Amino acid sequence: MEMIVVAPSAPGRIEDLRRRFFARPLQALLSLVSLATMVFLAWKLLNWAIFSAVFTTSGGPEACQAAAGACWSVIAARWRIILFGLYPFEEQWRSALACVAVVVMTVLSCIPAFWTGRRIALVWGVGTALYYVLMKGGMLGLAYVGEEAWGGLALTLFIFVTTCLIGFPLAICLALLRRSELPWISHTTGLIIDGVRSLPLISILFTFAVVLPFALPQWLAGDKLYRVIIGSALFFSAYQAEIVRGGMQGVPKGQEEAAMALGMSYWQRIGRILLPQAMRNALPATINQFVISFKETSLVVIVGFFEILASGNAAYGTGEWRFAYVEVYAFIAFIYFVFVFSLSRYGAFLERRMSVGER
Amino acid sequence: MSSLLRNQKVRNALLQLLYVGSIAALVLAGVAIARQNLAEQGITSGFDFLSKSTGWDVNFSLLPATANDPYWWFFLIGIINTLFLGSVGLMLATIVGTIVGLARTSSNELARLLGRTYVDIFRNIPLILQVFFWYAVITHLPTPRSAYEAWGMLLTSRGLYVPVPNVGGPAMTLAIFALIAAIALPVWLGRTSRLSQPIGERLAIQLAGAAAALAGAAIILAIGRLPDLPLVDFPALQGLNLKGGLRIPPEFSALAIAIAIYGGSYIAEIVRGGFKAVGKGQMEAALSLGLSPWRVFTLVRLPLALRAMLPILANQYVWLIKATTMGIAVGFTDFFMIVALTINHSGQTLEAIGILMAGFLTINLSLAAVFNRINKAIALKGNQLRG
Amino acid sequence: MNSTQSPGAAVRIENLDKYYGSFHALRKINLSVERGERIVVCGPSGSGKSTMIRCINRLEQHNGGRITVLGTELNDDVGNIDGIRREVGMVFQHFNLFPHMTVLENCMLAPMIVRKQPRAEAEATARRYLEKVRIPEQAMKFPGQLSGGQQQRVAIARALCMQPQIMLFDEPTSALDPEMIAEVLDVMVTLASEGMTMICVTHEMGFARRVADRVIFMDGGEIVEEAPPEEFFTSSRNERTRQFLSQVLGH
């Protein structure tokens, strides 16, 4: 009896595997090649990153360099400069706290309960203000630290957050102007948006950092950091404006007509009827744009900011850790990966949920 | 007055005037202030500087360049460098993207997993970080004395040295065109409207076309070879330095590799999306007509998928061309870096920025025009895919 | 402002012209609607009937002639346009309810932000009108959760919440399944019996016969015929009208 019970199930599993991976000769070959590649890469990676790696700083750089695997001691020795840049050592807890504030703010804005214009503005306003006070100090008993000393991950996050904070409302304005019924307004705005979109971000950052001071009166030029943030926000808004406009086009014309027929003014129609629906339509593409924008924040390294990439270069570029560049880049890549991957997964999740909701 | 302001037409006219006027005023004021500021530094505005010699050099150029050459020549070199790096990057990224994309749409779960891992990792790490990484890897390679050697190529911290044929410049150019033709001919011949032969015989004609073009390239090289030199110039160590062959500098390789890997992860997703867009119905119809799986792929699935992915691919290509501006991070003299250097050395800020904008506008518009033509040429007539 | 018109006229249209590019959509339309009057406008599709009533609250801008609504001329004056829209309610073919708000919020929004009513008052009004259109129990649902007939009744309630003096209906039953048409028409009949000034574009000839004071037949951007329903349906003199009626009523 037992034989009869067991017999069909065991070949069943093998049969299943055979059908899934070895049904045809070509299929079998593909399976084997894929499997071999995977095992090989996984083994190489694990061996390098964990089994043969050095994790402590006790042996110093020399012992580390001699090891066959990764030399994680460079991170142990230099993590503070990567995360916080040249921020004063005793004050670095503030920088860490500021980063936490930004992360909490991002997580909060992913919760649907916060998706009303007022609440999202409140969360971002409070989050950014908290960041700014913590980093800059000069009040509440915190020592003053100027922007020139900000760096590392904290600076990257600041540039990203302020880019979005300025860029997002700007994007909505540009989208509204572009869909205006008044031809001169819509054409001029279209020209600005398309012009910015056709330029590489680096050239815009460079223009704002280096060229703009010539074209502005002295009192308006301001700090280089804020000029670059405005440039990056302009770039962000040109792309986001098209996404918002796409969302607006998805709102049926009858919606605005109904609002008009009820006697609502232009701003009431925009604020109460058009935007809430347009933003919903545009949500997946918006999150995607945030993801791209976060990755592009790294470009400010080119106009001379000490953000996480530059601080990473500095972390291995000086003295005894020169050989450990792979480990430093892997560490920074991992930080980016955590942020970007979770955000894009979240975007994919939302997209799925919304497409289910439409059915 | 107040009744005038309540008039819709008056209001609209005023609003437009105010908007366009203030933007124009902003731009004009900026230009005026900039001209004044630059004039105080002794820089006269105008495009006269274009014909002055630069006094500095570029580290990578397909055309001859010295510090005595004028600015306009350097701008041209910059644009050609950008386009060259762009097209090499695009080509590599497309190859990587197609392979990974096919893996992602494969019926084999292991291949799909592999493709997905690739995309998830490389899409989520900023391009510039990948550029820095590959640049560091290449510049940490062994010195020329202990270079890696394979197939006559040398891999060193100073770049990749590859063997080149010893032929004159014009012959080389012609040969490159012939090689491009070898790839393009089969595609061009494959267009159904040009061939009345049955599909089975088409392949032979396509292969014949490619072979003819390749033979042409070989003949051109044989005729154009330089006298008294071996046909192929291999790089070799001489003293502390490498002589011979063609040196591909680390800046270029790092950018090309990074663009290929990063762009490949995006193109893979476009390829996957294209295949997903092909309706199940079409495939089932083809299979039920008794076509072999390979025929179904080449005759039905691939052509339909290509049409679906092309518009998105065009955007991606434009993005990748713009990404070449990251050259400045590792010191590759692309168009943007030439502009930045010009501003540094000559101070002709406004003019250089103007040239930069005009350059990228031209590149973008021409790429868009090319893709629009292709799109139109292959577009399905009417709404064949509806319903 | 132009208050020299007869005080009784709710809507007065004189020599109205409307073009879409070079297409002449409305040709010299003349129509006067008294307060409390119920007008049904019919005609083949493309005859300009929707365009005409959309001109009355400026969803379309007319190119010639004058429109006077409740003694106020509809011209480029922004104040006049806003004022007229407050007093003229409209019901659309595709309901155009706001999908991101509940039924109750749909009804409360305009009274609160346009008429500046306090929330409690707006809610009381909204509930009263939802009662009137016989769906008080759906107040907390979203439009997407309702049937077409229910949505259209909400749309009527939403327009009524602004307490308009004139109601425009733009083919209110054309997008509905046959079994839902009656419930919407019932509400409209009730409304008519209460003395609301109504201009309805519709093909529901039964409704026209029952409630209309006048039936207007349009074709090719012109008013072809204008008559009380009895006369219109039984003894029309016009060839085009008779042809249209035979198509609508014939089978």
# chains A, B, ... in the order shown; residues from 1 in each chain; ligands from 1
$ interface_residues --of "chain C" --to "chain B" --cutoff "10 Å" --atoms "only C-alpha atoms" --output "list of chain:residue names"
C:Asn75, C:Asp76, C:Asp77, C:Val78, C:Gly79, C:Asn80, C:Ile81
$ closest_atom_pairs --of "chain C" --to "chain A" --cutoff "6 Å" --atoms "only C-alpha atoms" --output "tab-separated table"
residue	atom	partner	partner_atom	distance
C:Asp82	CA	A:Gly263	CA	5.8
C:Arg85	CA	A:Gly263	CA	4.8
C:Arg86	CA	A:Gly263	CA	5.0
C:Asn96	CA	A:Gln255	CA	5.4
C:Val114	CA	A:Met264	CA	6.0
$ closest_residue --among "B:Gly224, B:Pro70, B:Pro163, B:Pro126" --to "chain A" --atoms "only C-alpha atoms"
B:Pro126
$ atom_distance --atom1 "atom CA of C:Gly65" --atom2 "atom CA of C:Asn15"
4.6 Å
$ interface_residues --of "chain B" --to "chain A" --cutoff "8 Å" --atoms "only C-alpha atoms" --output "number ranges by chain"
B: 12, 16, 19-20, 29-35, 37-38, 108-111, 114, 120-121, 124-129, 133, 136-137, 322-323, 325-326, 328-329, 336, 349, 353, 357, 360-361, 364
$ residues_around --residues "stretch 42-57 of chain C" --least-positions-apart "3" --cutoff "8 Å" --atoms "only C-alpha atoms" --output "PyMOL selection string"
(chain A and resi 261) or (chain C and resi 11+25-26+60-62+67+69+81+84-85+88+168+170+199+201-203+215-222+244)
$ closest_residue --among "B:Gly78, B:Gly101, B:Gly290, B:Gly89" --to "B:Glu269" --atoms "only C-alpha atoms"
B:Gly101
$ atom_distance --atom1 "atom CA of C:Ala120" --atom2 "atom CA of C:Ala157"
17.0 Å
$ residues_around --residues "C:Ala10" --least-positions-apart "5" --cutoff "12 Å" --atoms "only C-alpha atoms" --output "PDB file with N, CA, C and O atoms, in the first residue's frame"
ATOM      1  N   SER C   3     -30.841  95.134 -18.078  1.00  0.00           N
ATOM      2  CA  SER C   3     -32.066  94.723 -17.403  1.00  0.00           C
ATOM      3  C   SER C   3     -33.294  95.337 -18.053  1.00  0.00           C
ATOM      4  O   SER C   3     -34.356  95.378 -17.474  1.00  0.00           O
ATOM      5  N   GLN C   5     -34.602  94.085 -20.592  1.00  0.00           N
ATOM      6  CA  GLN C   5     -35.420  92.997 -21.113  1.00  0.00           C
ATOM      7  C   GLN C   5     -36.616  92.783 -20.200  1.00  0.00           C
ATOM      8  O   GLN C   5     -36.605  93.166 -19.045  1.00  0.00           O
ATOM      9  N   LEU C  31     -34.642  82.442 -29.509  1.00  0.00           N
ATOM     10  CA  LEU C  31     -35.451  81.638 -28.597  1.00  0.00           C
ATOM     11  C   LEU C  31     -35.659  82.423 -27.319  1.00  0.00           C
ATOM     12  O   LEU C  31     -34.726  83.045 -26.811  1.00  0.00           O
ATOM     13  N   SER C  32     -36.855  82.373 -26.811  1.00  0.00           N
ATOM     14  CA  SER C  32     -37.105  83.032 -25.535  1.00  0.00           C
ATOM     15  C   SER C  32     -37.792  82.029 -24.613  1.00  0.00           C
ATOM     16  O   SER C  32     -38.737  81.350 -25.025  1.00  0.00           O
ATOM     17  N   VAL C  33     -37.282  81.920 -23.401  1.00  0.00           N
ATOM     18  CA  VAL C  33     -37.847  80.974 -22.443  1.00  0.00           C
ATOM     19  C   VAL C  33     -38.315  81.762 -21.228  1.00  0.00           C
ATOM     20  O   VAL C  33     -37.528  82.492 -20.625  1.00  0.00           O
ATOM     21  N   GLU C  34     -39.593  81.633 -20.904  1.00  0.00           N
ATOM     22  CA  GLU C  34     -40.131  82.370 -19.744  1.00  0.00           C
ATOM     23  C   GLU C  34     -39.817  81.611 -18.462  1.00  0.00           C
ATOM     24  O   GLU C  34     -39.509  80.421 -18.487  1.00  0.00           O
ATOM     25  N   ARG C  35     -39.879  82.317 -17.346  1.00  0.00           N
ATOM     26  CA  ARG C  35     -39.687  81.657 -16.056  1.00  0.00           C
ATOM     27  C   ARG C  35     -40.748  80.589 -15.852  1.00  0.00           C
ATOM     28  O   ARG C  35     -41.927  80.830 -16.127  1.00  0.00           O
ATOM     29  N   GLY C  36     -40.348  79.445 -15.371  1.00  0.00           N
ATOM     30  CA  GLY C  36     -41.293  78.371 -15.111  1.00  0.00           C
ATOM     31  C   GLY C  36     -41.653  77.568 -16.352  1.00  0.00           C
ATOM     32  O   GLY C  36     -42.392  76.592 -16.269  1.00  0.00           O
ATOM     33  N   GLU C  37     -41.132  77.961 -17.483  1.00  0.00           N
ATOM     34  CA  GLU C  37     -41.471  77.245 -18.703  1.00  0.00           C
ATOM     35  C   GLU C  37     -40.611  75.990 -18.846  1.00  0.00           C
ATOM     36  O   GLU C  37     -39.453  75.966 -18.402  1.00  0.00           O
ATOM     37  N   ARG C  38     -41.178  74.943 -19.479  1.00  0.00           N
ATOM     38  CA  ARG C  38     -40.425  73.711 -19.708  1.00  0.00           C
ATOM     39  C   ARG C  38     -40.320  73.466 -21.200  1.00  0.00           C
ATOM     40  O   ARG C  38     -41.321  73.316 -21.885  1.00  0.00           O
ATOM     41  N   ILE C  39     -39.070  73.491 -21.683  1.00  0.00           N
ATOM     42  CA  ILE C  39     -38.823  73.396 -23.114  1.00  0.00           C
ATOM     43  C   ILE C  39     -38.135  72.057 -23.398  1.00  0.00           C
ATOM     44  O   ILE C  39     -37.216  71.663 -22.671  1.00  0.00           O
ATOM     45  N   ILE C  56     -25.696  78.515 -23.268  1.00  0.00           N
ATOM     46  CA  ILE C  56     -26.453  79.262 -22.262  1.00  0.00           C
ATOM     47  C   ILE C  56     -25.658  79.412 -20.960  1.00  0.00           C
ATOM     48  O   ILE C  56     -25.806  80.408 -20.259  1.00  0.00           O
ATOM     49  N   ILE C  67     -27.038  86.537 -25.776  1.00  0.00           N
ATOM     50  CA  ILE C  67     -27.745  85.637 -24.875  1.00  0.00           C
ATOM     51  C   ILE C  67     -27.949  86.404 -23.578  1.00  0.00           C
ATOM     52  O   ILE C  67     -27.006  86.959 -23.025  1.00  0.00           O
ATOM     53  N   THR C  68     -29.205  86.481 -23.139  1.00  0.00           N
ATOM     54  CA  THR C  68     -29.471  87.130 -21.860  1.00  0.00           C
ATOM     55  C   THR C  68     -30.092  86.105 -20.933  1.00  0.00           C
ATOM     56  O   THR C  68     -31.081  85.462 -21.283  1.00  0.00           O
ATOM     57  N   VAL C  69     -29.480  85.899 -19.785  1.00  0.00           N
ATOM     58  CA  VAL C  69     -29.982  84.914 -18.835  1.00  0.00           C
ATOM     59  C   VAL C  69     -30.383  85.643 -17.562  1.00  0.00           C
ATOM     60  O   VAL C  69     -29.560  86.338 -16.965  1.00  0.00           O
ATOM     61  N   LEU C  70     -31.653  85.511 -17.171  1.00  0.00           N
ATOM     62  CA  LEU C  70     -32.176  86.143 -15.956  1.00  0.00           C
ATOM     63  C   LEU C  70     -31.845  87.622 -15.921  1.00  0.00           C
ATOM     64  O   LEU C  70     -31.424  88.179 -14.907  1.00  0.00           O
ATOM     65  N   GLY C  71     -31.957  88.268 -17.085  1.00  0.00           N
ATOM     66  CA  GLY C  71     -31.738  89.704 -17.145  1.00  0.00           C
ATOM     67  C   GLY C  71     -30.281  90.123 -17.252  1.00  0.00           C
ATOM     68  O   GLY C  71     -29.980  91.302 -17.383  1.00  0.00           O
ATOM     69  N   THR C  72     -29.354  89.166 -17.214  1.00  0.00           N
ATOM     70  CA  THR C  72     -27.931  89.501 -17.325  1.00  0.00           C
ATOM     71  C   THR C  72     -27.401  89.048 -18.675  1.00  0.00           C
ATOM     72  O   THR C  72     -27.624  87.907 -19.079  1.00  0.00           O
ATOM     73  N   GLU C  73     -26.722  89.946 -19.382  1.00  0.00           N
ATOM     74  CA  GLU C  73     -26.214  89.523 -20.679  1.00  0.00           C
ATOM     75  C   GLU C  73     -24.943  88.703 -20.515  1.00  0.00           C
ATOM     76  O   GLU C  73     -24.062  89.028 -19.729  1.00  0.00           O
ATOM     77  N   ILE C  84     -24.089  83.948 -13.788  1.00  0.00           N
ATOM     78  CA  ILE C  84     -25.059  83.130 -14.512  1.00  0.00           C
ATOM     79  C   ILE C  84     -24.863  81.654 -14.187  1.00  0.00           C
ATOM     80  O   ILE C  84     -25.825  80.916 -13.957  1.00  0.00           O
ATOM     81  N   GLU C  87     -26.572  80.428 -11.201  1.00  0.00           N
ATOM     82  CA  GLU C  87     -28.033  80.343 -11.220  1.00  0.00           C
ATOM     83  C   GLU C  87     -28.561  79.313 -12.205  1.00  0.00           C
ATOM     84  O   GLU C  87     -29.758  79.102 -12.297  1.00  0.00           O
ATOM     85  N   VAL C  88     -27.649  78.748 -13.012  1.00  0.00           N
ATOM     86  CA  VAL C  88     -28.073  77.782 -14.033  1.00  0.00           C
ATOM     87  C   VAL C  88     -27.446  76.427 -13.716  1.00  0.00           C
ATOM     88  O   VAL C  88     -26.226  76.299 -13.680  1.00  0.00           O
ATOM     89  N   PRO C 164     -30.480  76.368  -8.253  1.00  0.00           N
ATOM     90  CA  PRO C 164     -30.480  77.183  -9.467  1.00  0.00           C
ATOM     91  C   PRO C 164     -31.901  77.602  -9.846  1.00  0.00           C
ATOM     92  O   PRO C 164     -32.870  76.981  -9.405  1.00  0.00           O
ATOM     93  N   GLN C 165     -32.015  78.635 -10.650  1.00  0.00           N
ATOM     94  CA  GLN C 165     -33.324  79.059 -11.124  1.00  0.00           C
ATOM     95  C   GLN C 165     -33.681  78.408 -12.444  1.00  0.00           C
ATOM     96  O   GLN C 165     -34.840  78.370 -12.829  1.00  0.00           O
ATOM     97  N   ILE C 166     -32.650  77.939 -13.164  1.00  0.00           N
ATOM     98  CA  ILE C 166     -32.879  77.305 -14.453  1.00  0.00           C
ATOM     99  C   ILE C 166     -32.100  75.993 -14.462  1.00  0.00           C
ATOM    100  O   ILE C 166     -30.985  75.920 -13.940  1.00  0.00           O
ATOM    101  N   MET C 167     -32.700  74.940 -15.043  1.00  0.00           N
ATOM    102  CA  MET C 167     -31.958  73.685 -15.179  1.00  0.00           C
ATOM    103  C   MET C 167     -31.832  73.334 -16.649  1.00  0.00           C
ATOM    104  O   MET C 167     -32.808  73.360 -17.401  1.00  0.00           O
ATOM    105  N   MET C 196     -39.955  74.326 -11.913  1.00  0.00           N
ATOM    106  CA  MET C 196     -38.588  74.678 -12.316  1.00  0.00           C
ATOM    107  C   MET C 196     -38.552  75.059 -13.789  1.00  0.00           C
ATOM    108  O   MET C 196     -39.228  74.442 -14.611  1.00  0.00           O
ATOM    109  N   THR C 197     -37.795  76.073 -14.113  1.00  0.00           N
ATOM    110  CA  THR C 197     -37.564  76.411 -15.510  1.00  0.00           C
ATOM    111  C   THR C 197     -36.595  75.374 -16.083  1.00  0.00           C
ATOM    112  O   THR C 197     -35.495  75.198 -15.550  1.00  0.00           O
ATOM    113  N   MET C 198     -36.998  74.657 -17.129  1.00  0.00           N
ATOM    114  CA  MET C 198     -36.163  73.570 -17.632  1.00  0.00           C
ATOM    115  C   MET C 198     -36.001  73.653 -19.136  1.00  0.00           C
ATOM    116  O   MET C 198     -36.961  73.901 -19.858  1.00  0.00           O
ATOM    117  N   ILE C 199     -34.769  73.425 -19.588  1.00  0.00           N
ATOM    118  CA  ILE C 199     -34.540  73.274 -21.024  1.00  0.00           C
ATOM    119  C   ILE C 199     -33.886  71.909 -21.193  1.00  0.00           C
ATOM    120  O   ILE C 199     -32.787  71.666 -20.677  1.00  0.00           O
TER     121      ILE C 199
END
$ atom_distance --atom1 "atom CA of B:Asn81" --atom2 "atom CA of A:Ala233"
29.0 Å
